[in-house]
Structure formats: C-alpha cells, structure tokens
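Raw contents of coords-v6.cif, mmCIF, C-alpha atoms:
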data_my_file
loop_
_atom_site.label_atom_id
_atom_site.label_comp_id
_atom_site.auth_asym_id
_atom_site.auth_seq_id
_atom_site.Cartn_x
_atom_site.Cartn_y
_atom_site.Cartn_z
CA MET A 22 0.40 213.66 171.73
CA GLU A 23 0.31 211.73 168.48
CA LEU A 24 -0.48 213.84 165.41
CA ASN A 25 -0.89 211.00 162.91
CA ILE A 26 -4.66 211.38 162.66
CA PRO A 27 -6.55 212.38 159.48
CA GLU A 28 -7.81 215.67 160.91
CA PHE A 29 -4.26 216.98 161.11
CA GLU A 30 -3.49 216.31 157.45
CA GLY A 31 -3.93 219.41 155.39
CA PRO A 32 -5.32 221.91 154.88
CA LEU A 33 -6.37 221.15 151.34
CA ALA A 34 -4.00 222.97 148.99
CA GLN A 35 -5.64 226.28 148.13
CA ARG A 36 -6.04 227.56 144.59
CA GLY A 37 -7.05 231.16 144.09
CA ILE A 38 -9.21 233.29 141.81
CA GLY A 39 -8.72 237.03 142.03
CA VAL A 40 -12.04 238.84 141.64
CA ILE A 41 -12.33 242.53 140.76
CA ALA A 42 -15.87 243.60 141.65
CA PRO A 43 -17.68 246.90 141.22
CA PHE A 44 -17.94 248.89 144.43
CA ASP A 45 -21.65 248.01 144.89
CA LEU A 46 -21.37 244.20 144.74
CA ALA A 47 -23.57 242.67 147.48
CA LEU A 48 -23.60 239.00 146.42
CA GLU A 49 -20.32 237.63 147.74
CA ARG A 50 -22.25 234.78 149.37
CA GLU A 51 -23.74 233.71 146.03
CA LEU A 52 -20.35 233.99 144.39
CA TRP A 53 -18.81 231.57 146.90
CA ARG A 54 -21.50 228.99 146.14
CA TRP A 55 -19.93 228.52 142.70
CA ALA A 56 -16.46 227.80 144.10
CA PRO A 57 -15.18 224.24 144.66
CA LEU A 58 -13.78 223.43 148.11
CA GLU A 59 -10.14 223.96 147.14
CA VAL A 60 -10.77 227.33 145.47
CA SER A 61 -10.58 230.59 147.36
CA LEU A 62 -11.91 233.88 146.00
CA HIS A 63 -9.80 236.97 146.66
CA LEU A 64 -11.89 240.12 146.15
CA ALA A 65 -10.88 243.66 145.31
CA ARG A 66 -13.32 246.48 144.49
CA THR A 67 -13.30 249.42 142.13
CA PRO A 68 -13.47 252.91 143.72
CA TYR A 69 -16.86 254.19 144.85
CA GLU A 70 -18.68 256.36 142.30
CA PRO A 71 -21.73 258.42 143.44
CA VAL A 72 -23.88 257.55 140.42
CA PRO A 73 -26.86 255.22 139.83
CA VAL A 74 -26.56 252.03 137.80
CA SER A 75 -26.34 253.40 134.26
CA ARG A 76 -24.11 253.69 131.24
CA ALA A 77 -22.07 256.32 133.09
CA MET A 78 -21.49 253.98 136.02
CA ALA A 79 -20.55 251.09 133.73
CA GLU A 80 -17.95 253.26 132.05
CA MET A 81 -16.54 254.47 135.38
CA VAL A 82 -16.16 251.03 136.94
CA SER A 83 -14.48 249.68 133.80
CA ASP A 84 -11.67 252.24 133.79
CA ARG A 85 -8.58 250.20 132.92
CA ARG A 86 -6.48 252.05 135.49
CA HIS A 87 -8.85 250.96 138.27
CA LEU A 88 -8.67 247.35 137.12
CA MET A 89 -4.88 247.39 137.02
CA VAL A 90 -4.68 248.75 140.57
CA ALA A 91 -7.21 246.16 141.80
CA THR A 92 -5.25 243.39 140.07
CA ARG A 93 -2.07 244.37 141.87
CA ASP A 94 -4.00 244.38 145.16
CA VAL A 95 -4.73 240.64 144.86
CA LEU A 96 -1.50 239.37 143.27
CA SER A 97 0.28 238.80 146.59
CA VAL A 98 -1.98 235.80 147.30
CA GLU A 99 -1.03 234.24 143.95
CA PRO A 100 -4.34 233.79 142.11
CA GLU A 101 -4.19 231.58 139.03
CA VAL A 102 -6.63 233.82 137.17
CA VAL A 103 -8.09 237.28 137.77
CA ALA A 104 -11.71 237.95 136.82
CA TYR A 105 -13.41 241.29 136.24
CA LEU A 106 -16.80 240.44 137.72
CA CYS A 107 -19.06 242.97 135.97
CA THR A 108 -21.30 242.41 132.97
CA SER A 109 -22.13 246.00 132.04
CA GLY A 110 -18.61 247.25 132.65
CA SER A 111 -17.23 244.63 130.28
CA PHE A 112 -19.76 245.11 127.45
CA VAL A 113 -20.44 248.87 127.61
CA ASN A 114 -17.70 249.84 125.13
CA GLY A 115 -17.88 246.89 122.77
CA VAL A 116 -15.96 243.72 121.98
CA ALA A 117 -12.55 245.33 121.44
CA TYR A 118 -12.72 247.08 124.81
CA GLU A 119 -13.60 243.82 126.57
CA LYS A 120 -10.36 242.39 125.20
CA ALA A 121 -8.52 245.53 126.24
CA LEU A 122 -9.71 245.01 129.83
CA CYS A 123 -8.23 241.49 129.82
CA ASP A 124 -5.00 242.87 128.40
CA ALA A 125 -4.90 245.53 131.15
CA ILE A 126 -5.39 242.92 133.89
CA CYS A 127 -2.63 240.74 132.43
CA GLY A 128 -0.47 243.83 131.96
CA ALA A 129 -0.77 244.45 135.70
CA GLY A 130 0.69 241.00 136.36
CA ALA A 131 -2.21 238.53 136.33
CA PRO A 132 -1.35 235.09 134.88
CA CYS A 133 -4.57 235.22 132.85
CA ALA A 134 -7.77 237.25 132.82
CA VAL A 135 -11.51 236.78 132.41
CA THR A 136 -14.39 239.24 132.20
CA THR A 137 -18.06 238.44 132.67
CA SER A 138 -19.04 239.49 129.15
CA GLY A 139 -16.04 237.69 127.70
CA ALA A 140 -17.13 234.54 129.55
CA LEU A 141 -20.59 234.96 128.03
CA LEU A 142 -19.14 235.04 124.51
CA GLU A 143 -16.98 232.03 125.33
CA ALA A 144 -20.03 230.05 126.47
CA LEU A 145 -22.05 231.04 123.40
CA ARG A 146 -19.26 229.79 121.14
CA ALA A 147 -18.78 226.59 123.13
CA LEU A 148 -22.50 225.78 123.03
CA ASP A 149 -22.95 226.99 119.43
CA LEU A 150 -25.65 229.48 120.41
CA THR A 151 -26.44 232.25 117.93
CA ARG A 152 -29.95 233.36 119.01
CA ILE A 153 -30.67 234.19 122.64
CA SER A 154 -32.98 236.18 124.88
CA VAL A 155 -31.62 238.45 127.59
CA ILE A 156 -32.96 239.93 130.78
CA THR A 157 -31.24 242.72 132.68
CA PRO A 158 -31.93 244.80 135.78
CA TYR A 159 -30.71 247.91 133.90
CA ASP A 160 -32.41 250.77 132.08
CA ARG A 161 -33.18 250.55 128.36
CA GLU A 162 -29.99 252.31 127.24
CA LEU A 163 -27.70 249.87 129.01
CA THR A 164 -29.79 246.89 127.88
CA ASP A 165 -29.53 248.10 124.28
CA LEU A 166 -25.75 248.29 124.67
CA LEU A 167 -25.74 244.62 125.71
CA ARG A 168 -27.69 243.84 122.55
CA ASP A 169 -25.15 245.81 120.50
CA PHE A 170 -22.25 243.93 122.13
CA LEU A 171 -23.81 240.57 121.37
CA ASN A 172 -24.69 241.58 117.81
CA GLU A 173 -21.11 242.70 117.26
CA ALA A 174 -19.96 239.27 118.42
CA GLY A 175 -22.34 237.50 116.02
CA THR A 176 -25.24 236.65 118.36
CA ASP A 177 -28.82 237.77 117.71
CA VAL A 178 -30.92 238.93 120.65
CA VAL A 179 -34.43 237.79 119.74
CA ARG A 180 -36.09 239.26 122.84
CA SER A 181 -34.95 241.35 125.80
CA SER A 182 -36.48 242.41 129.08
CA HIS A 183 -35.20 244.96 131.59
CA LEU A 184 -36.19 245.95 135.12
CA GLY A 185 -35.12 249.60 134.90
CA LEU A 186 -33.34 249.69 138.27
CA GLY A 187 -30.84 252.35 139.25
CA GLY A 188 -29.69 250.58 142.42
CA GLY A 189 -30.49 247.91 145.00
CA ILE A 190 -30.32 245.20 142.35
CA TRP A 191 -29.34 242.51 144.87
CA LYS A 192 -32.72 243.00 146.60
CA VAL A 193 -34.80 241.70 143.66
CA ASN A 194 -36.60 238.50 144.67
CA TYR A 195 -36.43 235.18 142.83
CA ARG A 196 -40.08 235.25 141.75
CA THR A 197 -39.64 238.55 139.90
CA ILE A 198 -36.49 237.32 138.18
CA ALA A 199 -38.09 233.99 137.23
CA GLU A 200 -41.12 235.77 135.75
CA HIS A 201 -38.86 237.90 133.58
CA ILE A 202 -36.80 234.91 132.46
CA ILE A 203 -39.93 233.02 131.44
CA GLY A 204 -41.34 236.12 129.78
CA ALA A 205 -38.16 236.63 127.76
CA ASP A 206 -38.19 233.10 126.38
CA THR A 207 -39.35 232.47 122.82
CA PRO A 208 -39.30 229.36 120.59
CA GLU A 209 -36.53 231.04 118.56
CA SER A 210 -34.29 231.58 121.62
CA GLN A 211 -31.66 228.90 122.07
CA ALA A 212 -30.84 230.14 125.58
CA ILE A 213 -31.60 232.86 128.11
CA PHE A 214 -28.86 235.11 129.48
CA VAL A 215 -29.45 236.88 132.79
CA SER A 216 -27.15 239.88 133.04
CA CYS A 217 -25.58 241.55 136.11
CA THR A 218 -23.37 240.02 138.77
CA ASN A 219 -25.44 241.80 141.44
CA LEU A 220 -28.69 240.00 140.51
CA PRO A 221 -29.34 236.80 142.53
CA THR A 222 -29.90 233.76 140.30
CA TYR A 223 -28.18 230.68 141.75
CA ASP A 224 -31.27 228.72 142.85
CA LEU A 225 -33.28 229.60 139.73
CA ILE A 226 -31.02 228.03 137.13
CA ALA A 227 -31.77 224.32 137.56
CA PRO A 228 -35.59 224.55 137.84
CA LEU A 229 -35.86 226.99 134.93
CA GLU A 230 -33.59 224.89 132.72
CA ARG A 231 -35.87 221.93 133.41
CA GLU A 232 -38.98 224.03 132.69
CA LEU A 233 -37.70 225.74 129.53
CA GLY A 234 -35.55 222.91 128.18
CA LYS A 235 -32.66 225.21 127.29
CA PRO A 236 -29.64 226.83 128.96
CA VAL A 237 -30.21 229.58 131.50
CA LEU A 238 -26.87 231.39 131.66
CA THR A 239 -26.14 233.91 134.40
CA ALA A 240 -23.39 236.42 135.04
CA ASN A 241 -21.78 234.98 138.18
CA GLN A 242 -22.14 231.42 136.88
CA LEU A 243 -20.32 232.19 133.64
CA THR A 244 -17.54 234.19 135.27
CA ILE A 245 -16.58 231.43 137.71
CA TRP A 246 -17.13 228.76 135.02
CA ALA A 247 -14.61 230.48 132.74
CA CYS A 248 -12.12 230.84 135.59
CA LEU A 249 -12.42 227.17 136.59
CA GLY A 250 -11.92 226.17 132.97
CA ARG A 251 -8.59 227.97 132.90
CA MET A 252 -7.65 226.22 136.14
CA LYS A 253 -8.67 222.85 134.63
CA LEU A 254 -11.20 222.32 137.40
CA PRO A 255 -14.75 221.02 136.90
CA MET A 256 -17.70 223.35 137.18
CA THR A 257 -19.71 223.18 140.38
CA GLY A 258 -23.29 224.34 140.88
CA PRO A 259 -26.26 224.39 138.49
CA GLY A 260 -26.08 224.71 134.72
CA LYS A 261 -26.06 221.31 133.05
CA TRP A 262 -25.22 222.55 129.54
CA LEU A 263 -21.91 224.00 130.74
CA ARG A 264 -20.68 220.83 132.39
CA GLY A 265 -17.84 219.14 130.58
CA VAL A 266 -17.25 222.01 128.12
CA PHE A 267 -13.63 222.26 129.26
#

Would you encode the structure as structure tokens?
Amino acid sequence: MELNIPEFEGPLAQRGIGVIAPFDLALERELWRWAPLEVSLHLARTPYEPVPVSRAMAEMVSDRRHLMVATRDVLSVEPEVVAYLCTSGSFVNGVAYEKALCDAICGAGAPCAVTTSGALLEALRALDLTRISVITPYDRELTDLLRDFLNEAGTDVVRSSHLGLGGGIWKVNYRTIAEHIIGADTPESQAIFVSCTNLPTYDLIAPLERELGKPVLTANQLTIWACLGRMKLPMTGPGKWLRGVF
C-alpha cells in the first residue's frame, strides 16, 4: 500500500496552552472555540471548595500553592504558556497579587504565565482604554473588588452591573447577558468588559460590537488572546479591536 497521499501527512504540529481552571468551570466547549487548529488546551483544575461564588471562593481558588501544583500537572505535555483562567481569582487581592500568581506559575516551571485579569489590563493598555463599563455575574462585594482592581491599575469604571449569582453561572442565557451589556453601556464608556470565565459570551461579541460601536471584551476571549500573543499566533474568533495587537 502506498502511503504518499496527503491524508497521511501530519498530524499538524501541536502547540499547547496549559489552562488552570477553577473547579466549577463548565465552559470548556466555549474555550476551545477560541483556539486555532494547531493549538491544544491542556486543562487542570483547582481543588473543590464547598462554597458559593463569592470573595471567599475567589480567594480559595487563587491560592498560589494550588496553582503551582496544577502547573506541574500540565508541564509534561510541554505547553508554551500556562494561563490561570479565572477573573475573580486573579483580581480579588489586587494588582500585586495578580503578578504574584504569574510568578508562582513560572516558579513551578511554566515557560510563561497569563491570568485573566492580567490579560484584561494588557488589553486596556494596548487599546488605550481608560474608562470602561463592567458586567459581572457576581455579588456586589466581588464586583466592587473588580472596580478596585481596575482603579488601582489606572482604569475608571464608569458603570457596573452584576447578576448576584452564587452558582450556576454557565446557565445564564445570551439574552440576559446581552441586556446587561447594553444596560451597562454609557457614552463615556470606551469599552465593556464582561467578567467571569464561566459566563457564556462567544456569540454575543460580534453583534454587540456592531451595535455599540466599541469593544466588548470578555474573560475567555482575553485569556486566550493573551496566550496566543505570547505564542506569536493570530487571534481567532470575534473581537475586531483585538486583532493585530500583537
């Protein structure tokens, strides 16, 4: 049998992103939609914590020891970058702690590290955005901590909206999320940020960017965007303002 046919050439050389997710992540399918064909996502999870989505949970899932263990769990498949895929866990203790999480991941052996909130700050700098609106699925306390994190980094939150959910965030429908995004927009807002990697947003970004005429930035989008930038790969998926940044 001759094997000199195109189907037998390959597979396409795989490039990996290690992903450390909170124990309750339910949106792996959405996460994969952001990945180019040659990129594989290698997931590890933080230990289960019997608490609702809250400040306490954000602090538990961002324990540096957990992230270092999870990093080591994915290193054998040689990821080029390791991402901590959690918005609240990476903003809950401020800007310095977000950097400390990256340092912990690299200290565990990752070639480089990204967090969701760090990717947000990177995008705001790249797009020169200093006034944004935010929506979150969290309670008021956690939403206020996101505002504090952004203020510390030099970004004003001109309006915020929160859903007040303690769990089941992945079950929120697109219409509800779109209504909150539109409601959070103001003429002063240069962009809208939708927090939480467990909130589905993929199919909303393009139509809402057309409707609002400004960037709609989301947690999973930004995390994978920042990883692909470090891999020198182009962004895939919706979000026209982010294209070509790297």

Query - Chain and number of each residue from the PyMOL selection byres ((chain A and resi 138) around 6), as number ranges by chain - result: A: 108, 111-112, 136-137, 139-141

Query raised in the report: For the file shown, what are the residues hit by the PyMOL selection byres ((chain A and resi 229) around 12), laid out as a PyMOL selection string?
Result: chain A and resi 195-196+198-204+206+212-213+215+222-228+230-239+259-261

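In this structure, CA of Val113 in chain A sits 6.1 Å away from CA of Leu166 in chain A.
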
**Report entry** Contacts of Trp53 in chain A at 10 Å (all atoms listed in the file; same-chain gap of 6+ positions) as a ChimeraX atom specification
**Finding:** /A:60-62,241,245

Query raised in the report: Near Arg86 in chain A, counting all atoms listed in the file, which residues have an atom at most 10 Å away, once you skip same-chain residues fewer than 5 positions from it, shown as a list of chain:residue names?
Result: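 Once the nearby chain positions are removed, what remains is A:Thr67, A:Ala91, A:Thr92, A:Leu122, A:Ala125, A:Ile126, A:Ala129.
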
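Here the question is which of A:Tyr69, A:Val155, A:Asn172, A:Cys248 gets nearest to Arg36 in chain A using all atoms listed in the file, and that residue is A:Cys248.
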
Query - Atomic distance CA of Leu249 in chain A - CA of His63 in chain A, expressed in Å with one decimal - result: 14.3 Å

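The space between CA of Trp55 in chain A and CA of Val102 in chain A spans 15.3 Å.
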
Report task. Given the file shown, determine the residues that the PyMOL selection byres ((chain A and resi 148) around 12) selects; report them as a PyMOL selection string. Result -> chain A and resi 141-147+149-153+211-212+235-236+238+261-267

Requested in this report: Tell me which of A:Ala134, A:Leu106, A:Val74, A:Ala121 sits closest to Glu49 in chain A, counting all atoms listed in the file.
Outcome: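 Closest to Glu49 in chain A, using all atoms listed in the file: A:Leu106.
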
Contacts between range 188-191 of chain A and range 56-107 of chain A, please, where a residue of range 56-107 of chain A counts if it comes within 10 Å (with all atoms listed in the file); show its shortest atom pair and distance in Å to one decimal, rows by chain and ascending number, as JSON lines.
{"residue": "A:Val72", "atom": "CA", "partner": "A:Gly188", "partner_atom": "CA", "distance": 9.3}
{"residue": "A:Pro73", "atom": "CA", "partner": "A:Gly188", "partner_atom": "CA", "distance": 6.0}
{"residue": "A:Val74", "atom": "CA", "partner": "A:Gly188", "partner_atom": "CA", "distance": 5.8}
{"residue": "A:Ser75", "atom": "CA", "partner": "A:Gly188", "partner_atom": "CA", "distance": 9.3}
